Amino acid sequence: MKQDKTLNTVLKRESLELLSLARQMLRWDPATGQFWWRVRASQRIHAGDPAGSIDAKGYVQIRIRGVTVLAHRLLWALENGTWPHLFIDHRSRRKDERGIDNLRLATRSQNAANREGWGVSNGRLKGVTRKRHRSGTVSFHASIQIEGVRKHLGSFSSPEDAAGAYRAAAVRLHGAFALDAALEGHQ
């Protein structure tokens with residue numbers, strides 16, 4: 001499988017030496033994904049202080065001797081003894097829920113499948129687009145993307161029918177990573 005450029009950048013800075021250093025410098029709670037310093041890490045950071053800060057994307061990151069790592073990847077590595085070779089997906093889709101039971105290995109495509117679509121919070125449905133025809137009629141198109149390839153699922157007269165087609169395809173193609181899989185009992 002071709003490695004993702006973003007993932008390659010992350011993998012370059014994740015070493016067994018860094019993992020060993022993290023074990024010495026940090027303590028953690030696997031159930032919550034919280035980290036605390038065991039040692040005084042700097043003039044401002046004392047033993048017992050919470051470790052990490054929130055980055056621009058909303059993920060907690062921890063800087064260990066000049067190397068910044070994402071807390072959820074670090075937790076996975078500490079609990080499994082090796083750095084993850086894939087992406088880490090949050091089952092709940094919440095970046096602040098970093099407990100080990102909420103984390104799983106995922107390809108880029110699987111990780112993207114377990115994400116809300118653009119505009120979903122504004123009432124739009126994932127995988128559904130609206131098309132206004134010259135005749136004035138409106139149809140709703142369903143499509144899904146897998147491994148970077150978009151597949152058209154059909155045209156429908158209602159957004160609900162198009163969303164149903166998307167959900168069925170998502171469960172079939174993405175399995176446990178489908179956004180609605182947890183709601184439908186396919187996890």
# chains A, B, ... in the order shown; residues from 1 in each chain; ligands from 1
$ residues_around --residues "stretch 98-112 of chain A" --least-positions-apart "5" --cutoff "12 Å" --atoms "only C-alpha atoms" --output "PyMOL selection string"
chain A and resi 1-7+28-35+59-61+70-80+83-93+117-118+126+144-150+170-171+173-179
$ residues_around --residues "A:Phe140" --least-positions-apart "3" --cutoff "8 Å" --atoms "only C-alpha atoms" --output "VMD selection string"
chain A and resid 128 to 131 155 to 159 162
$ select_by_dssp --residues "chain A" --states "strand (DSSP E)" --output "PyMOL selection string"
chain A and resi 26-29+34-37+53-54+60-64+67-70+87-90+103-106+128-132+138-146+149-156
$ write_last_selection --atoms "C-alpha atoms" --output "PDB file, in the first residue's frame"
ATOM      1  CA  LEU A  26       5.170  10.929  31.382  1.00  0.00           C
ATOM      2  CA  ARG A  27       2.456   9.044  33.205  1.00  0.00           C
ATOM      3  CA  TRP A  28      -0.907   8.454  31.557  1.00  0.00           C
ATOM      4  CA  ASP A  29      -4.389   7.102  32.057  1.00  0.00           C
ATOM      5  CA  GLN A  34      -4.788  12.110  29.805  1.00  0.00           C
ATOM      6  CA  PHE A  35      -1.046  12.659  30.295  1.00  0.00           C
ATOM      7  CA  TRP A  36       0.928  14.211  33.190  1.00  0.00           C
ATOM      8  CA  TRP A  37       4.621  14.979  33.557  1.00  0.00           C
ATOM      9  CA  SER A  53      -1.583  21.627  24.443  1.00  0.00           C
ATOM     10  CA  ILE A  54      -4.292  21.814  21.808  1.00  0.00           C
ATOM     11  CA  VAL A  60      -3.731  17.457  21.935  1.00  0.00           C
ATOM     12  CA  GLN A  61      -0.027  17.484  21.158  1.00  0.00           C
ATOM     13  CA  ILE A  62       2.872  16.847  23.529  1.00  0.00           C
ATOM     14  CA  ARG A  63       6.402  18.126  23.017  1.00  0.00           C
ATOM     15  CA  ILE A  64       9.102  15.771  24.310  1.00  0.00           C
ATOM     16  CA  VAL A  67       9.727  16.509  19.185  1.00  0.00           C
ATOM     17  CA  THR A  68       5.995  17.184  18.978  1.00  0.00           C
ATOM     18  CA  VAL A  69       3.695  14.142  18.901  1.00  0.00           C
ATOM     19  CA  LEU A  70      -0.083  13.843  18.917  1.00  0.00           C
ATOM     20  CA  PHE A  87      -3.732   6.663  11.012  1.00  0.00           C
ATOM     21  CA  ILE A  88      -5.455   6.526  14.394  1.00  0.00           C
ATOM     22  CA  ASP A  89      -9.222   6.956  14.172  1.00  0.00           C
ATOM     23  CA  HIS A  90     -11.385   8.183  17.051  1.00  0.00           C
ATOM     24  CA  LEU A 103      -8.882   4.575  19.259  1.00  0.00           C
ATOM     25  CA  ARG A 104      -8.327   2.191  16.335  1.00  0.00           C
ATOM     26  CA  LEU A 105      -5.953   1.835  13.397  1.00  0.00           C
ATOM     27  CA  ALA A 106      -7.332   3.118  10.099  1.00  0.00           C
ATOM     28  CA  VAL A 128     -25.926  13.984  -0.874  1.00  0.00           C
ATOM     29  CA  THR A 129     -25.817  16.901  -3.301  1.00  0.00           C
ATOM     30  CA  ARG A 130     -28.719  18.877  -4.720  1.00  0.00           C
ATOM     31  CA  LYS A 131     -28.954  19.557  -8.452  1.00  0.00           C
ATOM     32  CA  ARG A 132     -31.311  22.070 -10.027  1.00  0.00           C
ATOM     33  CA  VAL A 138     -34.585  19.407  -8.466  1.00  0.00           C
ATOM     34  CA  SER A 139     -32.932  16.033  -7.912  1.00  0.00           C
ATOM     35  CA  PHE A 140     -30.659  14.731  -5.198  1.00  0.00           C
ATOM     36  CA  HIS A 141     -27.543  12.776  -6.071  1.00  0.00           C
ATOM     37  CA  ALA A 142     -25.863  10.294  -3.753  1.00  0.00           C
ATOM     38  CA  SER A 143     -22.165   9.478  -4.029  1.00  0.00           C
ATOM     39  CA  ILE A 144     -19.491   7.906  -1.875  1.00  0.00           C
ATOM     40  CA  GLN A 145     -15.726   7.985  -1.966  1.00  0.00           C
ATOM     41  CA  ILE A 146     -13.527   4.962  -1.301  1.00  0.00           C
ATOM     42  CA  VAL A 149     -12.362   7.265  -6.013  1.00  0.00           C
ATOM     43  CA  ARG A 150     -15.847   8.809  -6.020  1.00  0.00           C
ATOM     44  CA  LYS A 151     -18.689   6.459  -6.957  1.00  0.00           C
ATOM     45  CA  HIS A 152     -22.094   7.768  -8.071  1.00  0.00           C
ATOM     46  CA  LEU A 153     -24.915   5.906  -6.306  1.00  0.00           C
ATOM     47  CA  GLY A 154     -27.886   7.358  -8.159  1.00  0.00           C
ATOM     48  CA  SER A 155     -30.318  10.257  -8.499  1.00  0.00           C
ATOM     49  CA  PHE A 156     -33.307  10.546  -6.191  1.00  0.00           C
TER      50      PHE A 156
END
